[in-house]
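Note sheet for the following structure.
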Amino acid sequence: MNTEAILSFEEAMEKYDPVLGFEVHVELNTKTKMFSSAPNVFGDEPNTNVNEVDLGMPGVLPVVNKTAVESSIKIGLALNCKIAESCRFARKNYFYPDTPKNFQTSQYDEPIAYDGYLDVELSDGTVFRVEIERAHMEEDAGKLTHMGGATGRIHGADFSLVDYNRAGVPLVEIVTKPIEGAGSRAPELAKAYVAAVREIVKNLGVSDARMERGNVRCDANVSLRPHGRERFGIRSETKNVNSLRAVEHAVRYEIQRHAAVLDAGNPVVQETRHWHEDTRTTTSGRPKSDADDYRYFPEPDLVPVVASREWVEELRATLPEPPAARRKRLQADWGYSDLEFRDVVNAGVMDEIEETIAAGASASVARKWWMGEIVGRAKNADVDPGQLGVQPATIVELARMVEEGRINNKMATEVLDGVLAGEGTPADIVEKRGLAVVSDDGPLLEAIDAALAAQPGVADKIRGGKVQAVGAIVGGVMKATRGQADAGRVKELILEKLGVTA
Amino acid sequence: MAAINRDDVAHLARLAHIEMSDQELDRMAGELAVIVDSVKSVSQAAGDDVPATSHPIPLTNVFREDVVGHTFTADQALSGAPDSDENRFKVPAILDEA
Amino acid sequence: MTDSHELIRLSAAQLAEKLAAGEVTSVEATQAYLDRIAEVDGGERGVNAFLHVNAEEALAVAAEVDAIRAAGGSEAESLHVLAGVPIAVKDLIVTVGQPTTAGSKILEGWHSPYDATVVERLRAAKMPILGKTNLDEFAMGSSTEHSAYGPTRNPWDLDRIPGGSGGGSAAAVAAFEAPLALGTDTGGSIRQPGAVTGTVGVKPTYGSVSRYGAIAMASSLDQIGPVTRTVLDSALLHQVIGGHDPRDSTSLPDLLADLVAAAKTGNVEGMRIGIIKELHGEGYQAGVENRFHDSLELLKEAGAEIVEVSCPNFQYALGAYYLIMPSEASSNLAKFDGVRYGLRVLPEDGPMTIERVMGATRAAGFGDEVKRRIILGTYALSAGYYDAYYGSAQKVRTLVQRDFDAAFTVADVLISPTAPTTAFKLGEKLDDPLAMYLNDVATIPANLAGVPGLSLPGGLADEDGLPVGIQLLAPAREDARLYRVGAVLESLLEAKWGGPLLAQAPELAGSPALETQEAN
């Protein structure tokens, strides 16, 4: 694999203006497939969630899943789209072994939803409006596994195996209009846009929205033009960028790569690119060619979908609170400052905090645990915080133990690690490791005396009213007790002893 | 409308995934030219104001409730497969990507 | 006990009566047909109507019906009127337990894991399925010569074609190898074989018989329908297979009219019957034209009013059809690629990629006519040509529909010859696709507009002594009118001939030593 030249992002931004575009595919979580009554279930044994329709057997016919249509209309409404009074399905004809009929039943010139927008909030609170061109219904393809060869990739494979369980799973493809004006925030906007779409479909309950399972998949289009020029440059389309971080990285990489190509005086090739998470680069797929003549025509085996005003309004009435409104409400409920709340949102733990609070934790405890402990661990493990598998009940239990003085905060974090390592419940781990706060004040007082004696200057400061200096003495006591003491209690005793009120 | 030549047929055969010999391409080009010539009046028959009919009897909103129906076992699914492995359909290497 | 020569010549309605009366058993009838198939179907000069004979299962179903009848009681009483009456099924329709080839090498040996809706309905009515009948590959043809398993011969003259694509079903019925058969009609594949074999064939209103399990050629044109020897038999069979099916999105929600009653109470008095100016005269064989006029005279005598209507846009119908049909077919046939089922052919040399395997499989598995239509359809749908070809053809469809609408304001039923000529010789038009396509000129408008059509025998052409078909057309959803008029015309003609037209067909020389030919 050749490494292509890239410019630094800063230099690229100095010279060029990026234009983005996204095609986000959302798998719906209907019980059955788009056109067949076979179950829409992830992860089952290969070729068991199929019937004759999904396998494209001779003689079969499709019938549209009503719930999938309703989910699509809901997505359209949530994206502020117009809903087509009448729309049709079309056949997109191309041969590929994961496509059982060798055509995909999709919508072409008559999408069910069109002309919408989505307001996307960036990490500093800036709101960027992304215009939505269309959202249309289609079906997913089967899953190909490339066997043999060294890489498991398509090149070098000896043969491929096809599982059609996913074939026919309902998809909604959301297509943006060209996104101009993002400037150097383009990579960040890319991530925020996909995150916002994911949040919306999850909030609507129409998709499981798990990117790691491919429920939400993003194709990112990038082109550059010199500053001040209106005409768009030639774009590349990076396929299947399937995590939020990858979306950001892929857009950034493509901007840098295009900039280098243009700088060298070459034209950008209009082509499909493939994202590689390991090297954080893209490589060339195949150039657009005559094989892209998809010969669309209206699907003769299906009839038009007519969305009456009554039907659309009925669906609109069922829509949940939009995510932006929900965020406002949650921030007010929780009493977080703007900065605190933005950090929570940017760390991607808002839902987790909401669940933790619902499980019985206070808003400040929930934030302390998620932001103070779990986000950092997730970063180290290179996964999303929600994927670490921390249960809200665990945090509630840990918090209660600390509050009751059975363990201190330091022990609690140790217990959390134990839970994450699969050692059992917090109670189990406390017991197994023999963790308990020393509750008899006798030994503590001895340790406090020793600590005060060791740092007489600090003791004077505290007496003089500099209460925050107490930390140094607490630290000494904790060290002496090897962390077994309850720091809160230690602080209380020190202040008591020095005759100072906190 | 352009006449249909041998290169056109070769292109169409590629799109349709049918291998054709040179001889076949030549013959097919000749036959298609005749057929295409005979149907060309169609493009002049109707004015812009005439709507297209894709279904002879118009219906709308034919839906299925989202209720799970029958499925095949993997054995049934693969019963007619030319080749299979690990309960999946086996195909030779794919070089070109869609 | 009726002797088997007589037994196989009974109409389905007559056989059903005898079965109900206990005068004959279903096993006897089924066996008589199986014997007839063994006698006339195979061998060098055999009819070759069947690609597969399903003797064991057919006899088992027959025995089951006989047992139910013998036991009497409510189960016997609730038997369908056609229970125990055998039937043949065009091999484009999928069946569990028997191969389905569509007349193509690409599906040789394939067994469907599911039944077509119409087959489920035959099974529910307990009709023994005798086997699968021959056809032009994927129903693409008008002579059954495009079958990968050899042509079917016309029982009236074994050197002639039985029509197509459903030549197997028509010939089976005409040769007394089955009392009933199922066909499919995309541009005339039921009616034109009916015309040239002296049998009755009906293309129902689009959407009135489920297409689920009929291997699609052109989805917006295909319909399954009855192939029989009498109009009443068609009505009986139509009643079995018709009605809504939730598995076919284009299936009409309407309740099926009582077609059998319509066939039994036929009456044309005061009815306006329209001759379509564009569908007779020039281009039609003299003998065909003569028999057509005989039928008009009979209808007039019976009290019908004959009017003339003009359908000027029918001149574009054949062209529109030969754009829409191949376009849809090119997409419908894409699934045959050697991945999931059917034939797989490996390229002889060069790299072994799936693309090349698909190309080699389709090259070897499809015959010339299928390839021709796939390429033509690919062309008509391709970028830059869509509007001029497929788009324009869909507009012509609107014009053809308008012509029908106008015609049906002045006529209750329309009438024309079914096909411009009688059966031509095997091989005569094989190298001339356009000449072959012209066979469908009178039948295609009904498919484009979705209206129902019926073809019945109108007599023999003076010049060649071969059967001529008369086509009746009714407005969409008015299939009952076809049976009402068809039954009257049939009885008037049979009165004139002194019996069914098929009684005048030459006896087929049996070759009992030969076994039934099977493709699979």
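To be explicit about the labels: the chains of the structure tokens are called A, B, and onward in the order shown, and within each one the residues are counted from 1, while ligands get numbers from 1 in the order they are shown.
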Compile a residue-level contact table for chain B against chain A at a cut-off of 12 Å, reporting for every qualifying residue the shortest atom pair and its distance in Å to one decimal, with only C-alpha atoms counted, rows ordered by chain and ascending number, as JSON lines.
```
{"residue": "B:Asp8", "atom": "CA", "partner": "A:Asp290", "partner_atom": "CA", "distance": 11.8}
{"residue": "B:Ala10", "atom": "CA", "partner": "A:Asp290", "partner_atom": "CA", "distance": 12.0}
{"residue": "B:His11", "atom": "CA", "partner": "A:Asp290", "partner_atom": "CA", "distance": 8.3}
{"residue": "B:Leu12", "atom": "CA", "partner": "A:Asp290", "partner_atom": "CA", "distance": 9.9}
{"residue": "B:Ala13", "atom": "CA", "partner": "A:Ala291", "partner_atom": "CA", "distance": 11.3}
{"residue": "B:Arg14", "atom": "CA", "partner": "A:Ala291", "partner_atom": "CA", "distance": 8.3}
{"residue": "B:Leu15", "atom": "CA", "partner": "A:Ala291", "partner_atom": "CA", "distance": 6.5}
{"residue": "B:Ala16", "atom": "CA", "partner": "A:Phe95", "partner_atom": "CA", "distance": 8.2}
{"residue": "B:His17", "atom": "CA", "partner": "A:Phe95", "partner_atom": "CA", "distance": 7.7}
{"residue": "B:Ile18", "atom": "CA", "partner": "A:Phe95", "partner_atom": "CA", "distance": 11.3}
{"residue": "B:Ala52", "atom": "CA", "partner": "A:Pro298", "partner_atom": "CA", "distance": 10.8}
{"residue": "B:Thr53", "atom": "CA", "partner": "A:Pro298", "partner_atom": "CA", "distance": 10.4}
{"residue": "B:Ser54", "atom": "CA", "partner": "A:Pro300", "partner_atom": "CA", "distance": 6.8}
{"residue": "B:His55", "atom": "CA", "partner": "A:Pro300", "partner_atom": "CA", "distance": 7.0}
{"residue": "B:Pro56", "atom": "CA", "partner": "A:Pro300", "partner_atom": "CA", "distance": 10.3}
{"residue": "B:Ile57", "atom": "CA", "partner": "A:Val303", "partner_atom": "CA", "distance": 10.0}
{"residue": "B:Pro58", "atom": "CA", "partner": "A:Val303", "partner_atom": "CA", "distance": 7.7}
{"residue": "B:Leu59", "atom": "CA", "partner": "A:Val303", "partner_atom": "CA", "distance": 6.1}
{"residue": "B:Thr60", "atom": "CA", "partner": "A:Pro304", "partner_atom": "CA", "distance": 5.0}
{"residue": "B:Asn61", "atom": "CA", "partner": "A:Val305", "partner_atom": "CA", "distance": 4.9}
{"residue": "B:Val62", "atom": "CA", "partner": "A:Val303", "partner_atom": "CA", "distance": 6.8}
{"residue": "B:Phe63", "atom": "CA", "partner": "A:Val64", "partner_atom": "CA", "distance": 5.0}
{"residue": "B:Arg64", "atom": "CA", "partner": "A:Asn65", "partner_atom": "CA", "distance": 5.0}
{"residue": "B:Glu65", "atom": "CA", "partner": "A:Lys66", "partner_atom": "CA", "distance": 5.7}
{"residue": "B:Asp66", "atom": "CA", "partner": "A:Thr32", "partner_atom": "CA", "distance": 5.7}
{"residue": "B:Val67", "atom": "CA", "partner": "A:Thr32", "partner_atom": "CA", "distance": 6.4}
{"residue": "B:Val68", "atom": "CA", "partner": "A:Ser37", "partner_atom": "CA", "distance": 5.1}
{"residue": "B:Gly69", "atom": "CA", "partner": "A:Ser37", "partner_atom": "CA", "distance": 4.9}
{"residue": "B:His70", "atom": "CA", "partner": "A:Ala38", "partner_atom": "CA", "distance": 6.4}
{"residue": "B:Thr71", "atom": "CA", "partner": "A:Asn51", "partner_atom": "CA", "distance": 4.7}
{"residue": "B:Phe72", "atom": "CA", "partner": "A:Asn51", "partner_atom": "CA", "distance": 5.3}
{"residue": "B:Thr73", "atom": "CA", "partner": "A:Thr48", "partner_atom": "CA", "distance": 5.2}
{"residue": "B:Ala74", "atom": "CA", "partner": "A:Asn47", "partner_atom": "CA", "distance": 5.1}
{"residue": "B:Asp75", "atom": "CA", "partner": "A:Asn47", "partner_atom": "CA", "distance": 8.6}
{"residue": "B:Gln76", "atom": "CA", "partner": "A:Thr48", "partner_atom": "CA", "distance": 9.1}
{"residue": "B:Ala77", "atom": "CA", "partner": "A:Asn47", "partner_atom": "CA", "distance": 6.6}
{"residue": "B:Leu78", "atom": "CA", "partner": "A:Asn47", "partner_atom": "CA", "distance": 8.1}
{"residue": "B:Ser79", "atom": "CA", "partner": "A:Asn47", "partner_atom": "CA", "distance": 11.5}
{"residue": "B:Gly80", "atom": "CA", "partner": "A:Met57", "partner_atom": "CA", "distance": 10.0}
{"residue": "B:Ala81", "atom": "CA", "partner": "A:Leu55", "partner_atom": "CA", "distance": 10.8}
{"residue": "B:Asp83", "atom": "CA", "partner": "A:Leu161", "partner_atom": "CA", "distance": 9.8}
{"residue": "B:Ser84", "atom": "CA", "partner": "A:Leu161", "partner_atom": "CA", "distance": 7.7}
{"residue": "B:Asp85", "atom": "CA", "partner": "A:Leu161", "partner_atom": "CA", "distance": 7.2}
{"residue": "B:Glu86", "atom": "CA", "partner": "A:Leu161", "partner_atom": "CA", "distance": 8.3}
{"residue": "B:Asn87", "atom": "CA", "partner": "A:Pro46", "partner_atom": "CA", "distance": 6.2}
{"residue": "B:Arg88", "atom": "CA", "partner": "A:Val162", "partner_atom": "CA", "distance": 5.3}
{"residue": "B:Phe89", "atom": "CA", "partner": "A:Val162", "partner_atom": "CA", "distance": 4.9}
{"residue": "B:Lys90", "atom": "CA", "partner": "A:Leu161", "partner_atom": "CA", "distance": 4.7}
{"residue": "B:Val91", "atom": "CA", "partner": "A:Ser160", "partner_atom": "CA", "distance": 5.3}
{"residue": "B:Pro92", "atom": "CA", "partner": "A:Phe159", "partner_atom": "CA", "distance": 4.4}
{"residue": "B:Ala93", "atom": "CA", "partner": "A:Phe159", "partner_atom": "CA", "distance": 4.1}
{"residue": "B:Ile94", "atom": "CA", "partner": "A:Ile154", "partner_atom": "CA", "distance": 6.6}
{"residue": "B:Leu95", "atom": "CA", "partner": "A:His155", "partner_atom": "CA", "distance": 6.4}
{"residue": "B:Asp96", "atom": "CA", "partner": "A:Arg286", "partner_atom": "CA", "distance": 7.7}
{"residue": "B:Glu97", "atom": "CA", "partner": "A:Arg286", "partner_atom": "CA", "distance": 7.1}
{"residue": "B:Ala98", "atom": "CA", "partner": "A:Tyr96", "partner_atom": "CA", "distance": 6.7}
```
Writer output for current selection, C-alpha atoms, as a PDB file, in the first residue's frame:
```
ATOM      1  CA  ASP B   8     -22.265  -0.744 -27.691  1.00  0.00           C
ATOM      2  CA  ALA B  10     -19.881  -5.212 -25.779  1.00  0.00           C
ATOM      3  CA  HIS B  11     -20.559  -2.498 -23.206  1.00  0.00           C
ATOM      4  CA  LEU B  12     -24.105  -3.755 -22.634  1.00  0.00           C
ATOM      5  CA  ALA B  13     -22.895  -7.338 -22.295  1.00  0.00           C
ATOM      6  CA  ARG B  14     -20.451  -6.193 -19.621  1.00  0.00           C
ATOM      7  CA  LEU B  15     -23.225  -4.410 -17.755  1.00  0.00           C
ATOM      8  CA  ALA B  16     -25.407  -7.502 -18.050  1.00  0.00           C
ATOM      9  CA  HIS B  17     -22.591  -9.875 -17.066  1.00  0.00           C
ATOM     10  CA  ILE B  18     -22.836 -12.064 -20.122  1.00  0.00           C
ATOM     11  CA  ALA B  52     -46.154   7.403 -17.898  1.00  0.00           C
ATOM     12  CA  THR B  53     -47.977   4.286 -16.781  1.00  0.00           C
ATOM     13  CA  SER B  54     -45.859   1.855 -14.805  1.00  0.00           C
ATOM     14  CA  HIS B  55     -48.738  -0.233 -13.493  1.00  0.00           C
ATOM     15  CA  PRO B  56     -51.744  -1.136 -15.548  1.00  0.00           C
ATOM     16  CA  ILE B  57     -54.076  -1.118 -12.535  1.00  0.00           C
ATOM     17  CA  PRO B  58     -53.104   1.597 -10.051  1.00  0.00           C
ATOM     18  CA  LEU B  59     -52.869   0.628  -6.389  1.00  0.00           C
ATOM     19  CA  THR B  60     -51.189   2.485  -3.529  1.00  0.00           C
ATOM     20  CA  ASN B  61     -50.037   1.716   0.016  1.00  0.00           C
ATOM     21  CA  VAL B  62     -49.842  -2.035  -0.133  1.00  0.00           C
ATOM     22  CA  PHE B  63     -48.076  -2.899   3.106  1.00  0.00           C
ATOM     23  CA  ARG B  64     -47.217  -5.813   5.324  1.00  0.00           C
ATOM     24  CA  GLU B  65     -47.499  -5.605   9.090  1.00  0.00           C
ATOM     25  CA  ASP B  66     -44.125  -5.956  10.850  1.00  0.00           C
ATOM     26  CA  VAL B  67     -44.714  -9.532  11.995  1.00  0.00           C
ATOM     27  CA  VAL B  68     -42.087 -12.256  11.699  1.00  0.00           C
ATOM     28  CA  GLY B  69     -42.964 -15.074   9.295  1.00  0.00           C
ATOM     29  CA  HIS B  70     -41.252 -18.256   8.182  1.00  0.00           C
ATOM     30  CA  THR B  71     -37.506 -18.634   7.721  1.00  0.00           C
ATOM     31  CA  PHE B  72     -35.299 -21.304   6.187  1.00  0.00           C
ATOM     32  CA  THR B  73     -32.722 -23.331   8.015  1.00  0.00           C
ATOM     33  CA  ALA B  74     -29.208 -22.796   6.687  1.00  0.00           C
ATOM     34  CA  ASP B  75     -29.459 -26.203   5.000  1.00  0.00           C
ATOM     35  CA  GLN B  76     -32.623 -25.195   3.188  1.00  0.00           C
ATOM     36  CA  ALA B  77     -31.140 -21.840   2.226  1.00  0.00           C
ATOM     37  CA  LEU B  78     -28.055 -23.527   0.786  1.00  0.00           C
ATOM     38  CA  SER B  79     -29.836 -26.520  -0.756  1.00  0.00           C
ATOM     39  CA  GLY B  80     -29.476 -25.245  -4.303  1.00  0.00           C
ATOM     40  CA  ALA B  81     -26.116 -23.542  -3.890  1.00  0.00           C
ATOM     41  CA  ASP B  83     -20.860 -24.175  -3.649  1.00  0.00           C
ATOM     42  CA  SER B  84     -20.949 -23.484   0.078  1.00  0.00           C
ATOM     43  CA  ASP B  85     -18.787 -23.554   3.177  1.00  0.00           C
ATOM     44  CA  GLU B  86     -19.493 -22.932   6.870  1.00  0.00           C
ATOM     45  CA  ASN B  87     -23.218 -22.478   6.184  1.00  0.00           C
ATOM     46  CA  ARG B  88     -22.469 -19.715   3.760  1.00  0.00           C
ATOM     47  CA  PHE B  89     -22.522 -19.386  -0.014  1.00  0.00           C
ATOM     48  CA  LYS B  90     -19.044 -19.705  -1.411  1.00  0.00           C
ATOM     49  CA  VAL B  91     -17.910 -17.590  -4.339  1.00  0.00           C
ATOM     50  CA  PRO B  92     -14.567 -17.139  -6.037  1.00  0.00           C
ATOM     51  CA  ALA B  93     -12.471 -14.112  -5.159  1.00  0.00           C
ATOM     52  CA  ILE B  94     -13.966 -10.720  -5.793  1.00  0.00           C
ATOM     53  CA  LEU B  95     -11.493  -8.337  -7.325  1.00  0.00           C
ATOM     54  CA  ASP B  96     -13.745  -5.566  -8.419  1.00  0.00           C
ATOM     55  CA  GLU B  97     -15.630  -3.778  -5.705  1.00  0.00           C
ATOM     56  CA  ALA B  98     -19.109  -2.379  -5.914  1.00  0.00           C
TER      57      ALA B  98
END
```
Margin query: Give me, as a ChimeraX atom specification, all polymer residues having an atom no more than 7 Å from Ser455 in chain C, counting only C-alpha atoms and skipping those fewer than 4 positions away in the same chain.
Written below: /C:191,194-195,200-202,418,469-472
Mind dumping the selected residues with C-alpha atoms as a PDB file, in the first residue's frame?
```pdb
ATOM      1  CA  ARG C 191     -53.722 -16.879 -25.777  1.00  0.00           C
ATOM      2  CA  GLY C 194     -54.429 -21.463 -27.394  1.00  0.00           C
ATOM      3  CA  ALA C 195     -55.205 -20.049 -30.835  1.00  0.00           C
ATOM      4  CA  VAL C 200     -59.024 -22.048 -24.745  1.00  0.00           C
ATOM      5  CA  GLY C 201     -56.695 -19.723 -22.859  1.00  0.00           C
ATOM      6  CA  VAL C 202     -57.374 -16.801 -20.572  1.00  0.00           C
ATOM      7  CA  THR C 418     -55.920 -13.905 -31.463  1.00  0.00           C
ATOM      8  CA  GLY C 469     -58.151 -18.327 -32.429  1.00  0.00           C
ATOM      9  CA  ILE C 470     -60.748 -15.695 -31.602  1.00  0.00           C
ATOM     10  CA  GLN C 471     -59.782 -13.182 -28.915  1.00  0.00           C
ATOM     11  CA  LEU C 472     -62.258 -11.466 -26.626  1.00  0.00           C
TER      12      LEU C 472
END
```
Show me, as CSV, the residues of chain C having an atom within 7 Å of chain B, each with the closest atom pair and its distance in Å, using only C-alpha atoms.
```
residue,atom,partner,partner_atom,distance
C:Trp110,CA,B:Gly80,CA,6.5
C:Tyr206,CA,B:Ile57,CA,7.0
C:Ser220,CA,B:His55,CA,6.0
C:Ser249,CA,B:Val62,CA,5.9
C:Tyr316,CA,B:Val42,CA,5.9
C:Gly319,CA,B:Val39,CA,4.3
C:Ala320,CA,B:Val42,CA,6.1
C:Gly338,CA,B:Pro82,CA,6.8
C:Val339,CA,B:Val91,CA,6.6
C:Arg340,CA,B:Ala81,CA,4.8
C:Tyr341,CA,B:Ala81,CA,4.5
C:Gly342,CA,B:Gly80,CA,6.5
C:Leu343,CA,B:Pro82,CA,6.9
C:Arg344,CA,B:Pro82,CA,6.2
C:Met352,CA,B:Pro92,CA,6.5
C:Thr353,CA,B:Ala93,CA,5.1
C:Ile354,CA,B:Pro92,CA,5.1
C:Met358,CA,B:His17,CA,6.3
C:Gly359,CA,B:Ile18,CA,4.4
C:Ala360,CA,B:Glu19,CA,5.8
C:Arg362,CA,B:Ile18,CA,5.4
C:Ala363,CA,B:Ile18,CA,5.1
C:Arg372,CA,B:Met28,CA,6.9
C:Ile375,CA,B:Leu12,CA,6.0
C:Leu376,CA,B:Leu32,CA,6.8
C:Thr378,CA,B:Leu12,CA,6.3
C:Tyr379,CA,B:Leu12,CA,6.5
C:Ala388,CA,B:Ser43,CA,5.3
C:Tyr389,CA,B:Ser43,CA,6.2
C:Gly391,CA,B:Ala52,CA,6.8
C:Ser392,CA,B:Ser43,CA,5.1
C:Ala393,CA,B:Val42,CA,6.1
C:Gln394,CA,B:Ala52,CA,4.7
C:Lys395,CA,B:Ala52,CA,4.2
C:Val396,CA,B:Ala46,CA,6.3
C:Arg397,CA,B:Thr53,CA,5.9
C:Thr398,CA,B:Thr53,CA,5.5
C:Leu434,CA,B:Ile35,CA,6.8
C:Leu448,CA,B:Pro56,CA,6.7
C:Ala449,CA,B:Pro56,CA,5.1
C:Gly450,CA,B:Pro56,CA,4.9
```
Now that the selection is made, can you save its residues with N, CA and C atoms as a short mmCIF file (atom, residue, chain, number, x, y, z; two decimals), in the first residue's frame?
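Writing the result to part10.cif gives the following:
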```cif
data_model
loop_
_atom_site.label_atom_id
_atom_site.label_comp_id
_atom_site.auth_asym_id
_atom_site.auth_seq_id
_atom_site.Cartn_x
_atom_site.Cartn_y
_atom_site.Cartn_z
N TRP C 110 -32.88 -27.51 -10.59
CA TRP C 110 -33.21 -26.71 -9.40
C TRP C 110 -34.58 -27.12 -8.85
N TYR C 206 -54.83 -7.96 -14.93
CA TYR C 206 -53.56 -7.86 -14.20
C TYR C 206 -53.86 -7.69 -12.72
N SER C 220 -44.65 -6.07 -14.76
CA SER C 220 -45.86 -5.25 -14.91
C SER C 220 -46.77 -5.79 -16.00
N SER C 249 -47.69 -7.61 -4.09
CA SER C 249 -48.12 -6.22 -3.84
C SER C 249 -49.02 -5.68 -4.95
N TYR C 316 -48.42 1.46 -31.86
CA TYR C 316 -47.17 1.59 -31.09
C TYR C 316 -47.01 0.50 -30.03
N GLY C 319 -44.05 -2.04 -30.35
CA GLY C 319 -42.79 -1.38 -30.06
C GLY C 319 -42.62 -1.10 -28.57
N ALA C 320 -43.69 -0.59 -27.95
CA ALA C 320 -43.62 -0.30 -26.51
C ALA C 320 -43.37 -1.58 -25.73
N GLY C 338 -25.30 -17.87 -10.73
CA GLY C 338 -24.42 -18.94 -10.30
C GLY C 338 -23.92 -18.81 -8.87
N VAL C 339 -24.55 -17.95 -8.06
CA VAL C 339 -24.11 -17.80 -6.68
C VAL C 339 -24.99 -18.59 -5.70
N ARG C 340 -26.31 -18.41 -5.80
CA ARG C 340 -27.21 -18.97 -4.79
C ARG C 340 -27.88 -20.28 -5.20
N TYR C 341 -28.09 -20.46 -6.50
CA TYR C 341 -28.78 -21.66 -6.98
C TYR C 341 -28.50 -21.80 -8.47
N GLY C 342 -28.84 -22.98 -8.98
CA GLY C 342 -28.74 -23.17 -10.42
C GLY C 342 -27.31 -23.40 -10.90
N LEU C 343 -27.17 -23.22 -12.20
CA LEU C 343 -25.90 -23.53 -12.88
C LEU C 343 -24.77 -22.59 -12.44
N ARG C 344 -23.56 -23.15 -12.30
CA ARG C 344 -22.36 -22.32 -12.20
C ARG C 344 -21.36 -22.83 -13.22
N MET C 352 -9.81 -16.35 -11.96
CA MET C 352 -11.07 -16.89 -11.45
C MET C 352 -11.71 -15.89 -10.49
N THR C 353 -12.40 -14.92 -11.06
CA THR C 353 -13.09 -13.96 -10.20
C THR C 353 -14.58 -14.21 -10.30
N ILE C 354 -15.32 -13.73 -9.31
CA ILE C 354 -16.76 -13.95 -9.33
C ILE C 354 -17.39 -13.25 -10.52
N MET C 358 -19.75 -15.23 -13.06
CA MET C 358 -21.10 -14.79 -13.42
C MET C 358 -21.24 -14.67 -14.94
N GLY C 359 -20.25 -14.05 -15.56
CA GLY C 359 -20.28 -13.86 -17.02
C GLY C 359 -20.31 -15.17 -17.77
N ALA C 360 -19.51 -16.13 -17.30
CA ALA C 360 -19.44 -17.43 -17.98
C ALA C 360 -20.72 -18.22 -17.73
N ARG C 362 -23.75 -17.04 -17.11
CA ARG C 362 -24.88 -16.48 -17.86
C ARG C 362 -24.70 -16.70 -19.36
N ALA C 363 -23.44 -16.72 -19.81
CA ALA C 363 -23.19 -16.99 -21.22
C ALA C 363 -23.61 -18.42 -21.58
N ARG C 372 -30.60 -11.89 -26.12
CA ARG C 372 -31.02 -10.78 -26.97
C ARG C 372 -31.90 -9.81 -26.16
N ILE C 375 -29.93 -7.94 -23.39
CA ILE C 375 -29.10 -6.85 -23.94
C ILE C 375 -29.99 -5.69 -24.39
N LEU C 376 -31.10 -6.01 -25.03
CA LEU C 376 -32.02 -4.96 -25.47
C LEU C 376 -32.55 -4.18 -24.27
N THR C 378 -31.16 -3.92 -21.29
CA THR C 378 -30.05 -3.18 -20.69
C THR C 378 -29.84 -1.87 -21.44
N TYR C 379 -29.94 -1.98 -22.75
CA TYR C 379 -29.81 -0.80 -23.61
C TYR C 379 -30.92 0.22 -23.33
N ALA C 388 -35.94 8.16 -23.85
CA ALA C 388 -36.37 7.89 -25.22
C ALA C 388 -37.00 6.51 -25.35
N TYR C 389 -36.54 5.56 -24.58
CA TYR C 389 -37.03 4.19 -24.73
C TYR C 389 -38.01 3.79 -23.64
N GLY C 391 -39.01 5.28 -20.89
CA GLY C 391 -39.93 6.37 -20.54
C GLY C 391 -41.01 6.54 -21.59
N SER C 392 -40.62 6.57 -22.86
CA SER C 392 -41.60 6.73 -23.94
C SER C 392 -42.55 5.55 -23.99
N ALA C 393 -42.02 4.36 -23.78
CA ALA C 393 -42.86 3.17 -23.84
C ALA C 393 -43.92 3.20 -22.74
N GLN C 394 -43.55 3.72 -21.58
CA GLN C 394 -44.53 3.82 -20.49
C GLN C 394 -45.61 4.84 -20.83
N LYS C 395 -45.25 5.83 -21.62
CA LYS C 395 -46.26 6.80 -22.07
C LYS C 395 -47.21 6.16 -23.08
N VAL C 396 -46.62 5.33 -23.95
CA VAL C 396 -47.47 4.64 -24.92
C VAL C 396 -48.48 3.76 -24.19
N ARG C 397 -48.05 3.23 -23.07
CA ARG C 397 -48.97 2.44 -22.26
C ARG C 397 -50.19 3.25 -21.87
N THR C 398 -49.96 4.48 -21.50
CA THR C 398 -51.07 5.37 -21.15
C THR C 398 -51.98 5.56 -22.37
N LEU C 434 -37.81 -10.49 -35.46
CA LEU C 434 -38.91 -9.54 -35.68
C LEU C 434 -40.16 -10.23 -36.16
N LEU C 448 -50.37 -4.57 -21.97
CA LEU C 448 -49.94 -3.20 -21.66
C LEU C 448 -50.98 -2.48 -20.81
N ALA C 449 -52.26 -2.76 -21.07
CA ALA C 449 -53.32 -2.05 -20.35
C ALA C 449 -53.83 -2.83 -19.15
N GLY C 450 -53.43 -4.06 -19.01
CA GLY C 450 -53.85 -4.86 -17.86
C GLY C 450 -55.24 -5.47 -18.00
#
```
